[in-house]
file run.pdb (PDB, N, CA and C atoms)
ATOM      1  N   MET A1465     102.459  89.088 110.927
ATOM      2  CA  MET A1465     102.082  88.984 109.531
ATOM      3  C   MET A1465     103.316  89.323 108.685
ATOM      4  N   SER A1466     103.575  88.510 107.686
ATOM      5  CA  SER A1466     104.716  88.786 106.821
ATOM      6  C   SER A1466     104.253  89.553 105.588
ATOM      7  N   THR A1467     105.198  90.253 105.005
ATOM      8  CA  THR A1467     104.914  91.049 103.820
ATOM      9  C   THR A1467     105.759  90.537 102.665
ATOM     10  N   THR A1468     105.139  90.396 101.523
ATOM     11  CA  THR A1468     105.852  90.014 100.314
ATOM     12  C   THR A1468     105.872  91.214  99.393
ATOM     13  N   ARG A1469     107.037  91.581  98.942
ATOM     14  CA  ARG A1469     107.160  92.712  98.009
ATOM     15  C   ARG A1469     107.222  92.175  96.582
ATOM     16  N   VAL A1470     106.417  92.795  95.746
ATOM     17  CA  VAL A1470     106.366  92.412  94.338
ATOM     18  C   VAL A1470     106.606  93.666  93.524
ATOM     19  N   PRO A1471     107.512  93.608  92.545
ATOM     20  CA  PRO A1471     107.775  94.790  91.724
ATOM     21  C   PRO A1471     106.493  95.283  91.028
ATOM     22  N   VAL A1472     106.368  96.587  90.925
ATOM     23  CA  VAL A1472     105.176  97.196  90.333
ATOM     24  C   VAL A1472     104.926  96.671  88.923
ATOM     25  N   HIS A1473     105.975  96.490  88.137
ATOM     26  CA  HIS A1473     105.756  96.024  86.755
ATOM     27  C   HIS A1473     105.159  94.614  86.732
ATOM     28  N   GLU A1474     105.481  93.785  87.713
ATOM     29  CA  GLU A1474     104.893  92.448  87.768
ATOM     30  C   GLU A1474     103.419  92.514  88.163
ATOM     31  N   ILE A1475     103.120  93.352  89.129
ATOM     32  CA  ILE A1475     101.720  93.543  89.537
ATOM     33  C   ILE A1475     100.923  94.096  88.358
ATOM     34  N   THR A1476     101.498  95.075  87.679
ATOM     35  CA  THR A1476     100.821  95.701  86.537
ATOM     36  C   THR A1476     100.533  94.672  85.451
ATOM     37  N   ASP A1477     101.527  93.877  85.098
ATOM     38  CA  ASP A1477     101.341  92.870  84.041
ATOM     39  C   ASP A1477     100.264  91.856  84.418
ATOM     40  N   LEU A1478     100.321  91.359  85.648
ATOM     41  CA  LEU A1478      99.342  90.374  86.102
ATOM     42  C   LEU A1478      97.941  90.975  86.167
ATOM     43  N   ALA A1479      97.828  92.168  86.708
ATOM     44  CA  ALA A1479      96.526  92.829  86.822
ATOM     45  C   ALA A1479      95.961  93.174  85.449
ATOM     46  N   MET A1480      96.809  93.606  84.529
ATOM     47  CA  MET A1480      96.354  93.901  83.160
ATOM     48  C   MET A1480      95.773  92.643  82.522
ATOM     49  N   ALA A1481      96.509  91.545  82.640
ATOM     50  CA  ALA A1481      96.041  90.288  82.053
ATOM     51  C   ALA A1481      94.712  89.857  82.673
ATOM     52  N   ALA A1482      94.573  90.029  83.977
ATOM     53  CA  ALA A1482      93.333  89.656  84.664
ATOM     54  C   ALA A1482      92.163  90.524  84.191
ATOM     55  N   CYS A1483      92.393  91.833  84.051
ATOM     56  CA  CYS A1483      91.331  92.739  83.597
ATOM     57  C   CYS A1483      90.886  92.407  82.176
ATOM     58  N   VAL A1484      91.842  92.179  81.304
ATOM     59  CA  VAL A1484      91.508  91.850  79.914
ATOM     60  C   VAL A1484      90.767  90.509  79.859
ATOM     61  N   ALA A1485      91.217  89.526  80.646
ATOM     62  CA  ALA A1485      90.538  88.230  80.683
ATOM     63  C   ALA A1485      89.114  88.360  81.225
ATOM     64  N   ALA A1486      88.894  89.336  82.090
ATOM     65  CA  ALA A1486      87.557  89.557  82.662
ATOM     66  C   ALA A1486      86.654  90.358  81.727
ATOM     67  N   GLY A1487      87.220  90.902  80.633
ATOM     68  CA  GLY A1487      86.389  91.591  79.645
ATOM     69  C   GLY A1487      86.718  93.039  79.370
ATOM     70  N   ALA A1488      87.729  93.595  80.000
ATOM     71  CA  ALA A1488      88.093  94.999  79.762
ATOM     72  C   ALA A1488      88.964  95.122  78.516
ATOM     73  N   THR A1489      88.879  96.270  77.876
ATOM     74  CA  THR A1489      89.834  96.565  76.812
ATOM     75  C   THR A1489      91.190  96.856  77.479
ATOM     76  N   GLU A1490      92.256  96.791  76.713
ATOM     77  CA  GLU A1490      93.571  97.093  77.283
ATOM     78  C   GLU A1490      93.622  98.533  77.780
ATOM     79  N   GLU A1491      92.998  99.446  77.054
ATOM     80  CA  GLU A1491      92.994 100.854  77.448
ATOM     81  C   GLU A1491      92.277 101.043  78.790
ATOM     82  N   MET A1492      91.125 100.398  78.949
ATOM     83  CA  MET A1492      90.395 100.494  80.212
ATOM     84  C   MET A1492      91.183  99.831  81.334
ATOM     85  N   ALA A1493      91.758  98.676  81.057
ATOM     86  CA  ALA A1493      92.547  97.970  82.068
ATOM     87  C   ALA A1493      93.699  98.845  82.556
ATOM     88  N   ARG A1494      94.350  99.525  81.636
ATOM     89  CA  ARG A1494      95.466 100.410  81.999
ATOM     90  C   ARG A1494      94.991 101.523  82.937
ATOM     91  N   SER A1495      93.835 102.091  82.656
ATOM     92  CA  SER A1495      93.281 103.144  83.509
ATOM     93  C   SER A1495      92.957 102.613  84.904
ATOM     94  N   ILE A1496      92.354 101.440  84.960
ATOM     95  CA  ILE A1496      92.010 100.841  86.251
ATOM     96  C   ILE A1496      93.276 100.581  87.065
ATOM     97  N   ILE A1497      94.251  99.936  86.451
ATOM     98  CA  ILE A1497      95.470  99.552  87.168
ATOM     99  C   ILE A1497      96.251 100.782  87.621
ATOM    100  N   CYS A1498      96.355 101.784  86.775
ATOM    101  CA  CYS A1498      97.060 103.017  87.177
ATOM    102  C   CYS A1498      96.380 103.652  88.388
ATOM    103  N   ALA A1499      95.050 103.665  88.400
ATOM    104  CA  ALA A1499      94.320 104.248  89.527
ATOM    105  C   ALA A1499      94.541 103.436  90.808
ATOM    106  N   LEU A1500      94.513 102.116  90.697
ATOM    107  CA  LEU A1500      94.708 101.274  91.875
ATOM    108  C   LEU A1500      96.113 101.421  92.450
ATOM    109  N   ILE A1501      97.104 101.418  91.583
ATOM    110  CA  ILE A1501      98.484 101.558  92.042
ATOM    111  C   ILE A1501      98.713 102.949  92.620
ATOM    112  N   SER A1502      98.132 103.955  92.013
ATOM    113  CA  SER A1502      98.235 105.318  92.533
ATOM    114  C   SER A1502      97.631 105.410  93.931
ATOM    115  N   ALA A1503      96.495 104.760  94.142
ATOM    116  CA  ALA A1503      95.863 104.767  95.463
ATOM    117  C   ALA A1503      96.774 104.107  96.498
ATOM    118  N   ASP A1504      97.385 102.985  96.136
ATOM    119  CA  ASP A1504      98.313 102.329  97.058
ATOM    120  C   ASP A1504      99.487 103.229  97.396
ATOM    121  N   ARG A1505     100.043 103.857  96.383
ATOM    122  CA  ARG A1505     101.194 104.738  96.602
ATOM    123  C   ARG A1505     100.834 105.932  97.482
ATOM    124  N   ALA A1506      99.570 106.335  97.443
ATOM    125  CA  ALA A1506      99.111 107.462  98.263
ATOM    126  C   ALA A1506      98.691 107.011  99.663
ATOM    127  N   GLY A1507      98.835 105.718  99.938
ATOM    128  CA  GLY A1507      98.472 105.204 101.248
ATOM    129  C   GLY A1507      97.005 104.838 101.401
ATOM    130  N   ARG A1508      96.252 104.871 100.311
ATOM    131  CA  ARG A1508      94.814 104.531 100.330
ATOM    132  C   ARG A1508      94.640 103.070  99.923
ATOM    133  N   HIS A1509      95.170 102.173 100.738
ATOM    134  CA  HIS A1509      95.233 100.752 100.388
ATOM    135  C   HIS A1509      93.862 100.107 100.187
ATOM    136  N   GLN A1510      92.844 100.599 100.881
ATOM    137  CA  GLN A1510      91.505 100.043 100.701
ATOM    138  C   GLN A1510      90.989 100.283  99.286
ATOM    139  N   MET A1511      91.538 101.274  98.597
ATOM    140  CA  MET A1511      91.152 101.562  97.208
ATOM    141  C   MET A1511      92.260 101.181  96.230
ATOM    142  N   GLY A1512      93.278 100.511  96.730
ATOM    143  CA  GLY A1512      94.426 100.130  95.914
ATOM    144  C   GLY A1512      94.230  98.791  95.240
ATOM    145  N   ILE A1513      95.331  98.109  94.996
ATOM    146  CA  ILE A1513      95.320  96.861  94.239
ATOM    147  C   ILE A1513      94.468  95.799  94.927
ATOM    148  N   ALA A1514      94.270  95.906  96.237
ATOM    149  CA  ALA A1514      93.395  94.967  96.948
ATOM    150  C   ALA A1514      91.947  95.070  96.452
ATOM    151  N   HIS A1515      91.617  96.174  95.804
ATOM    152  CA  HIS A1515      90.267  96.407  95.263
ATOM    153  C   HIS A1515      90.093  95.761  93.883
ATOM    154  N   LEU A1516      91.165  95.231  93.310
ATOM    155  CA  LEU A1516      91.107  94.638  91.967
ATOM    156  C   LEU A1516      90.048  93.546  91.833
ATOM    157  N   PRO A1517      89.905  92.621  92.785
ATOM    158  CA  PRO A1517      88.871  91.593  92.608
ATOM    159  C   PRO A1517      87.464  92.152  92.422
ATOM    160  N   THR A1518      87.176  93.288  93.036
ATOM    161  CA  THR A1518      85.863  93.919  92.858
ATOM    162  C   THR A1518      85.663  94.331  91.404
ATOM    163  N   TYR A1519      86.706  94.927  90.819
ATOM    164  CA  TYR A1519      86.624  95.307  89.405
ATOM    165  C   TYR A1519      86.479  94.073  88.520
ATOM    166  N   LEU A1520      87.248  93.036  88.800
ATOM    167  CA  LEU A1520      87.190  91.821  87.989
ATOM    168  C   LEU A1520      85.805  91.193  88.041
ATOM    169  N   ASP A1521      85.237  91.083  89.240
ATOM    170  CA  ASP A1521      83.881  90.535  89.370
ATOM    171  C   ASP A1521      82.869  91.390  88.611
ATOM    172  N   SER A1522      82.984  92.711  88.735
ATOM    173  CA  SER A1522      82.049  93.613  88.055
ATOM    174  C   SER A1522      82.173  93.509  86.538
ATOM    175  N   LEU A1523      83.367  93.351  86.042
ATOM    176  CA  LEU A1523      83.565  93.154  84.603
ATOM    177  C   LEU A1523      82.953  91.826  84.150
ATOM    178  N   LYS A1524      83.191  90.776  84.909
ATOM    179  CA  LYS A1524      82.700  89.442  84.529
ATOM    180  C   LYS A1524      81.184  89.371  84.466
ATOM    181  N   VAL A1525      80.501  90.025  85.413
ATOM    182  CA  VAL A1525      79.034  89.926  85.447
ATOM    183  C   VAL A1525      78.343  91.054  84.683
ATOM    184  N   GLY A1526      79.118  91.976  84.128
ATOM    185  CA  GLY A1526      78.537  93.022  83.296
ATOM    186  C   GLY A1526      78.131  94.292  84.022
ATOM    187  N   ARG A1527      78.426  94.422  85.320
ATOM    188  CA  ARG A1527      78.134  95.685  86.007
ATOM    189  C   ARG A1527      79.018  96.800  85.455
ATOM    190  N   ILE A1528      80.183  96.431  84.962
ATOM    191  CA  ILE A1528      81.066  97.377  84.260
ATOM    192  C   ILE A1528      81.113  96.937  82.811
ATOM    193  N   ASN A1529      80.872  97.866  81.904
ATOM    194  CA  ASN A1529      80.961  97.599  80.469
ATOM    195  C   ASN A1529      82.438  97.643  80.070
ATOM    196  N   GLY A1530      83.041  96.481  79.920
ATOM    197  CA  GLY A1530      84.460  96.393  79.600
ATOM    198  C   GLY A1530      84.821  96.909  78.218
ATOM    199  N   LYS A1531      83.834  97.041  77.359
ATOM    200  CA  LYS A1531      84.069  97.525  75.991
ATOM    201  C   LYS A1531      83.507  98.931  75.799
ATOM    202  N   ALA A1532      83.342  99.640  76.899
ATOM    203  CA  ALA A1532      82.747 100.983  76.859
ATOM    204  C   ALA A1532      83.521 101.913  75.932
ATOM    205  N   THR A1533      82.770 102.802  75.304
ATOM    206  CA  THR A1533      83.356 103.846  74.472
ATOM    207  C   THR A1533      82.955 105.185  75.081
ATOM    208  N   PRO A1534      83.758 105.669  76.043
ATOM    209  CA  PRO A1534      83.425 106.950  76.661
ATOM    210  C   PRO A1534      83.374 108.062  75.620
ATOM    211  N   ARG A1535      82.480 108.998  75.870
ATOM    212  CA  ARG A1535      82.379 110.148  74.955
ATOM    213  C   ARG A1535      82.209 111.407  75.793
ATOM    214  N   PHE A1536      82.554 112.492  75.198
ATOM    215  CA  PHE A1536      82.422 113.753  75.910
ATOM    216  C   PHE A1536      82.133 114.853  74.925
ATOM    217  N   ASP A1537      81.516 115.898  75.461
ATOM    218  CA  ASP A1537      81.134 117.045  74.652
ATOM    219  C   ASP A1537      81.681 118.298  75.322
ATOM    220  N   GLY A1538      82.491 119.015  74.600
ATOM    221  CA  GLY A1538      83.054 120.257  75.109
ATOM    222  C   GLY A1538      82.562 121.449  74.321
ATOM    223  N   SER A1539      81.265 121.486  74.064
ATOM    224  CA  SER A1539      80.692 122.564  73.255
ATOM    225  C   SER A1539      80.843 123.945  73.882
ATOM    226  N   PHE A1540      80.934 123.978  75.189
ATOM    227  CA  PHE A1540      81.038 125.259  75.880
ATOM    228  C   PHE A1540      82.413 125.359  76.525
ATOM    229  N   PRO A1541      83.045 126.528  76.504
ATOM    230  CA  PRO A1541      84.409 126.654  77.020
ATOM    231  C   PRO A1541      84.578 126.323  78.497
ATOM    232  N   ALA A1542      83.564 126.563  79.319
ATOM    233  CA  ALA A1542      83.714 126.334  80.758
ATOM    234  C   ALA A1542      82.913 125.127  81.236
ATOM    235  N   PHE A1543      82.453 124.302  80.315
ATOM    236  CA  PHE A1543      81.620 123.157  80.676
ATOM    237  C   PHE A1543      82.005 121.965  79.828
ATOM    238  N   LEU A1544      82.154 120.815  80.464
ATOM    239  CA  LEU A1544      82.496 119.584  79.753
ATOM    240  C   LEU A1544      81.582 118.482  80.258
ATOM    241  N   HIS A1545      80.864 117.853  79.364
ATOM    242  CA  HIS A1545      79.982 116.750  79.731
ATOM    243  C   HIS A1545      80.647 115.456  79.286
ATOM    244  N   ALA A1546      80.813 114.514  80.220
ATOM    245  CA  ALA A1546      81.437 113.233  79.915
ATOM    246  C   ALA A1546      80.474 112.100  80.247
ATOM    247  N   ASP A1547      80.515 111.054  79.426
ATOM    248  CA  ASP A1547      79.684 109.875  79.619
ATOM    249  C   ASP A1547      80.588 108.653  79.504
ATOM    250  N   ALA A1548      80.734 107.882  80.578
ATOM    251  CA  ALA A1548      81.637 106.728  80.601
ATOM    252  C   ALA A1548      81.054 105.508  79.902
ATOM    253  N   ASP A1549      79.824 105.575  79.413
ATOM    254  CA  ASP A1549      79.194 104.482  78.665
ATOM    255  C   ASP A1549      79.135 103.175  79.465
ATOM    256  N   GLY A1550      78.928 103.295  80.759
ATOM    257  CA  GLY A1550      78.827 102.091  81.585
ATOM    258  C   GLY A1550      80.163 101.496  81.977
ATOM    259  N   GLY A1551      81.239 102.178  81.580
ATOM    260  CA  GLY A1551      82.577 101.720  81.946
ATOM    261  C   GLY A1551      82.990 102.314  83.278
ATOM    262  N   VAL A1552      84.283 102.497  83.464
ATOM    263  CA  VAL A1552      84.775 103.057  84.724
ATOM    264  C   VAL A1552      85.136 104.521  84.543
ATOM    265  N   ALA A1553      84.927 105.283  85.595
ATOM    266  CA  ALA A1553      85.200 106.716  85.550
ATOM    267  C   ALA A1553      86.665 107.004  85.238
ATOM    268  N   GLN A1554      87.566 106.179  85.763
ATOM    269  CA  GLN A1554      88.992 106.412  85.545
ATOM    270  C   GLN A1554      89.339 106.416  84.054
ATOM    271  N   HIS A1555      88.761 105.496  83.319
ATOM    272  CA  HIS A1555      89.016 105.404  81.872
ATOM    273  C   HIS A1555      88.496 106.651  81.164
ATOM    274  N   CYS A1556      87.273 107.041  81.495
ATOM    275  CA  CYS A1556      86.683 108.239  80.896
ATOM    276  C   CYS A1556      87.530 109.459  81.224
ATOM    277  N   PHE A1557      87.914 109.589  82.492
ATOM    278  CA  PHE A1557      88.707 110.732  82.911
ATOM    279  C   PHE A1557      90.046 110.769  82.175
ATOM    280  N   ASP A1558      90.702 109.618  82.026
ATOM    281  CA  ASP A1558      91.981 109.581  81.305
ATOM    282  C   ASP A1558      91.819 110.083  79.875
ATOM    283  N   LEU A1559      90.718 109.709  79.247
ATOM    284  CA  LEU A1559      90.498 110.118  77.855
ATOM    285  C   LEU A1559      90.174 111.604  77.725
ATOM    286  N   VAL A1560      89.510 112.173  78.718
ATOM    287  CA  VAL A1560      89.046 113.548  78.624
ATOM    288  C   VAL A1560      90.009 114.548  79.284
ATOM    289  N   PHE A1561      91.022 114.055  79.977
ATOM    290  CA  PHE A1561      91.880 114.915  80.784
ATOM    291  C   PHE A1561      92.473 116.096  80.010
ATOM    292  N   ASN A1562      93.082 115.854  78.862
ATOM    293  CA  ASN A1562      93.714 116.949  78.105
ATOM    294  C   ASN A1562      92.700 117.993  77.657
ATOM    295  N   THR A1563      91.518 117.535  77.274
ATOM    296  CA  THR A1563      90.462 118.470  76.889
ATOM    297  C   THR A1563      90.020 119.285  78.096
ATOM    298  N   LEU A1564      89.921 118.636  79.243
ATOM    299  CA  LEU A1564      89.549 119.321  80.481
ATOM    300  C   LEU A1564      90.570 120.399  80.851
ATOM    301  N   VAL A1565      91.836 120.087  80.705
ATOM    302  CA  VAL A1565      92.889 121.065  80.998
ATOM    303  C   VAL A1565      92.788 122.258  80.051
ATOM    304  N   ARG A1566      92.591 121.991  78.768
ATOM    305  CA  ARG A1566      92.437 123.085  77.795
ATOM    306  C   ARG A1566      91.227 123.945  78.124
ATOM    307  N   SER A1567      90.121 123.297  78.504
ATOM    308  CA  SER A1567      88.906 124.045  78.862
ATOM    309  C   SER A1567      89.159 124.915  80.074
ATOM    310  N   ALA A1568      89.855 124.377  81.066
ATOM    311  CA  ALA A1568      90.137 125.141  82.274
ATOM    312  C   ALA A1568      91.027 126.351  81.964
ATOM    313  N   ARG A1569      91.973 126.168  81.082
ATOM    314  CA  ARG A1569      92.857 127.287  80.715
ATOM    315  C   ARG A1569      92.090 128.357  79.954
ATOM    316  N   THR A1570      91.120 127.951  79.156
ATOM    317  CA  THR A1570      90.292 128.894  78.409
ATOM    318  C   THR A1570      89.446 129.704  79.358
TER     319      THR A1570
END

call {"tool": "encode", "arguments": {"input": "run.pdb", "output": "structure tokens"}}
result
Amino acid sequence: MSTTRVPVHEITDLAMAACVAAGATEEMARSIICALISADRAGRHQMGIAHLPTYLDSLKVGRINGKATPRFDGSFPAFLHADADGGVAQHCFDLVFNTLVRSART
């Protein structure tokens, strides 16, 4: 089996365009692609960029809300409730990460 190497920025650009065309916002697409590339870099190829078609299909048929507006509530210092609004967890986590770190430090 031969291997073709493609620069990460080319994969990122192509995958971003595919996610947006399938219905994701650019912000959500960025979260998805970063997670997939991170999985590949960590050696978890089954969850890496090869998993992109699953996300694209889910976006196209509405199993993933591509226009989701994740929200979170940090009313309590040691508790954070997050709701991805039918989107992907990675996007929600990216948005809430700094608040989560502040809560943990508190």

call {"tool": "atom_distance", "arguments": {"input": "run.pdb", "atom1": "atom CA of A:Asn1529", "atom2": "atom CA of A:Ala1488"}}
result
7.6 Å

call {"tool": "atom_distance", "arguments": {"input": "run.pdb", "atom1": "atom CA of A:Ala1532", "atom2": "atom CA of A:Gly1551"}}
result
5.1 Å

call {"tool": "atom_distance", "arguments": {"input": "run.pdb", "atom1": "atom C of A:Ala1482", "atom2": "atom C of A:Ser1466"}}
result
24.6 Å

call {"tool": "resolve_selection", "arguments": {"input": "run.pdb", "expression": "the PyMOL selection byres ((chain A and resi 1554-1567) around 6)", "output": "list of chain:residue names"}}
result
A:Met1492, A:Ser1495, A:Ile1496, A:Pro1534, A:Pro1541, A:Ala1542, A:Ala1548, A:Val1552, A:Ala1553, A:Ala1568, A:Arg1569, A:Thr1570

call {"tool": "closest_residue", "arguments": {"input": "run.pdb", "among": "A:Val1472, A:Cys1498, A:Ala1486, A:Met1465", "to": "A:Asp1521", "atoms": "only C-alpha atoms"}}
result
A:Ala1486

call {"tool": "closest_residue", "arguments": {"input": "run.pdb", "among": "A:Gly1530, A:Pro1517, A:Pro1471, A:Gly1550", "to": "A:Gly1487", "atoms": "all atoms listed in the file"}}
result
A:Gly1530

call {"tool": "closest_residue", "arguments": {"input": "run.pdb", "among": "A:Ala1546, A:Ala1506, A:Ala1481, A:Val1470", "to": "A:Leu1520", "atoms": "only C-alpha atoms"}}
result
A:Ala1481

call {"tool": "select_by_dssp", "arguments": {"input": "run.pdb", "residues": "chain A", "states": "alpha helix (DSSP H)", "output": "MDAnalysis selection string"}}
result
chainID A and resid 1472:1486 1490:1505 1516:1525 1553:1569

call {"tool": "residues_near_point", "arguments": {"input": "run.pdb", "point": "(96.6, 97.6, 88.6)", "cutoff": "6 Å", "atoms": "all atoms listed in the file", "output": "VMD selection string"}}
result
chain A and resid 1475 to 1476 1479 to 1480 1496 to 1498 1500 to 1501 1513

call {"tool": "closest_residue", "arguments": {"input": "run.pdb", "among": "A:Glu1491, A:Asp1549, A:Glu1474, A:Asp1504", "to": "A:Phe1536", "atoms": "only C-alpha atoms"}}
result
A:Asp1549

call {"tool": "select_by_dssp", "arguments": {"input": "run.pdb", "residues": "chain A", "states": "strand (DSSP E or B)", "output": "PyMOL selection string"}}
result
chain A and resi 1535-1540+1543-1547

call {"tool": "decode", "arguments": {"input": "run.pdb", "residues": "stretch 1481-1558 of chain A", "atoms": "C-alpha atoms", "output": "mmCIF file, in the first residue's frame"}}
result
data_model
loop_
_atom_site.group_PDB
_atom_site.id
_atom_site.type_symbol
_atom_site.label_atom_id
_atom_site.label_comp_id
_atom_site.auth_asym_id
_atom_site.auth_seq_id
_atom_site.Cartn_x
_atom_site.Cartn_y
_atom_site.Cartn_z
ATOM 1 C CA ALA A 1481 -14.727 23.837 2.861
ATOM 2 C CA ALA A 1482 -16.419 20.421 2.970
ATOM 3 C CA CYS A 1483 -17.834 21.032 6.473
ATOM 4 C CA VAL A 1484 -19.181 24.460 5.569
ATOM 5 C CA ALA A 1485 -20.688 23.078 2.336
ATOM 6 C CA ALA A 1486 -22.361 20.343 4.406
ATOM 7 C CA GLY A 1487 -23.964 22.965 6.677
ATOM 8 C CA ALA A 1488 -21.537 23.744 9.511
ATOM 9 C CA THR A 1489 -20.605 27.240 10.560
ATOM 10 C CA GLU A 1490 -16.933 28.105 10.078
ATOM 11 C CA GLU A 1491 -16.462 28.104 13.858
ATOM 12 C CA MET A 1492 -17.935 24.606 14.199
ATOM 13 C CA ALA A 1493 -15.970 23.357 11.195
ATOM 14 C CA ARG A 1494 -12.750 24.630 12.774
ATOM 15 C CA SER A 1495 -13.518 22.732 15.989
ATOM 16 C CA ILE A 1496 -14.281 19.522 14.105
ATOM 17 C CA ILE A 1497 -11.155 19.708 11.945
ATOM 18 C CA CYS A 1498 -8.855 20.555 14.864
ATOM 19 C CA ALA A 1499 -10.204 17.545 16.777
ATOM 20 C CA LEU A 1500 -9.773 15.200 13.807
ATOM 21 C CA ILE A 1501 -6.232 16.341 13.080
ATOM 22 C CA SER A 1502 -5.352 16.145 16.771
ATOM 23 C CA ALA A 1503 -6.609 12.549 16.868
ATOM 24 C CA ASP A 1504 -4.444 11.655 13.868
ATOM 25 C CA ARG A 1505 -1.402 13.273 15.427
ATOM 26 C CA ALA A 1506 -2.027 11.268 18.606
ATOM 27 C CA GLY A 1507 -2.123 8.047 16.597
ATOM 28 C CA ARG A 1508 -5.917 7.614 16.919
ATOM 29 C CA HIS A 1509 -6.457 7.351 13.164
ATOM 30 C CA GLN A 1510 -9.891 5.737 13.468
ATOM 31 C CA MET A 1511 -11.052 9.032 15.027
ATOM 32 C CA GLY A 1512 -8.902 11.214 12.778
ATOM 33 C CA ILE A 1513 -9.491 12.783 9.389
ATOM 34 C CA ALA A 1514 -10.755 9.421 8.074
ATOM 35 C CA HIS A 1515 -13.812 10.080 10.291
ATOM 36 C CA LEU A 1516 -14.643 13.288 8.363
ATOM 37 C CA PRO A 1517 -17.196 11.653 6.019
ATOM 38 C CA THR A 1518 -19.249 10.622 9.059
ATOM 39 C CA TYR A 1519 -19.422 14.242 10.197
ATOM 40 C CA LEU A 1520 -20.271 15.437 6.686
ATOM 41 C CA ASP A 1521 -23.098 12.910 6.323
ATOM 42 C CA SER A 1522 -24.448 13.810 9.776
ATOM 43 C CA LEU A 1523 -24.397 17.513 8.932
ATOM 44 C CA LYS A 1524 -26.127 16.948 5.582
ATOM 45 C CA VAL A 1525 -28.998 14.898 7.021
ATOM 46 C CA GLY A 1526 -29.429 17.033 10.138
ATOM 47 C CA ARG A 1527 -28.185 14.604 12.812
ATOM 48 C CA ILE A 1528 -25.725 17.384 13.666
ATOM 49 C CA ASN A 1529 -27.089 20.921 13.909
ATOM 50 C CA GLY A 1530 -24.530 22.802 11.818
ATOM 51 C CA LYS A 1531 -25.862 26.157 13.014
ATOM 52 C CA ALA A 1532 -25.895 25.218 16.698
ATOM 53 C CA THR A 1533 -25.466 27.925 19.298
ATOM 54 C CA PRO A 1534 -23.868 26.184 22.272
ATOM 55 C CA ARG A 1535 -24.614 27.726 25.633
ATOM 56 C CA PHE A 1536 -23.347 27.179 29.098
ATOM 57 C CA ASP A 1537 -24.131 28.229 32.613
ATOM 58 C CA GLY A 1538 -21.439 28.743 35.201
ATOM 59 C CA SER A 1539 -23.647 29.899 38.052
ATOM 60 C CA PHE A 1540 -21.749 27.805 40.559
ATOM 61 C CA PRO A 1541 -17.959 28.001 41.010
ATOM 62 C CA ALA A 1542 -17.361 24.234 40.886
ATOM 63 C CA PHE A 1543 -20.071 23.312 38.378
ATOM 64 C CA LEU A 1544 -20.489 24.142 34.700
ATOM 65 C CA HIS A 1545 -23.473 23.054 32.634
ATOM 66 C CA ALA A 1546 -22.967 23.046 28.857
ATOM 67 C CA ASP A 1547 -25.489 22.423 26.084
ATOM 68 C CA ALA A 1548 -24.164 21.869 22.532
ATOM 69 C CA ASP A 1549 -27.605 22.653 21.014
ATOM 70 C CA GLY A 1550 -27.511 19.572 18.805
ATOM 71 C CA GLY A 1551 -24.089 20.462 17.454
ATOM 72 C CA VAL A 1552 -20.801 18.723 18.160
ATOM 73 C CA ALA A 1553 -19.220 18.429 21.575
ATOM 74 C CA GLN A 1554 -15.870 19.683 20.277
ATOM 75 C CA HIS A 1555 -17.381 23.040 19.299
ATOM 76 C CA CYS A 1556 -19.126 23.432 22.651
ATOM 77 C CA PHE A 1557 -15.974 22.455 24.518
ATOM 78 C CA ASP A 1558 -13.862 24.955 22.540
#
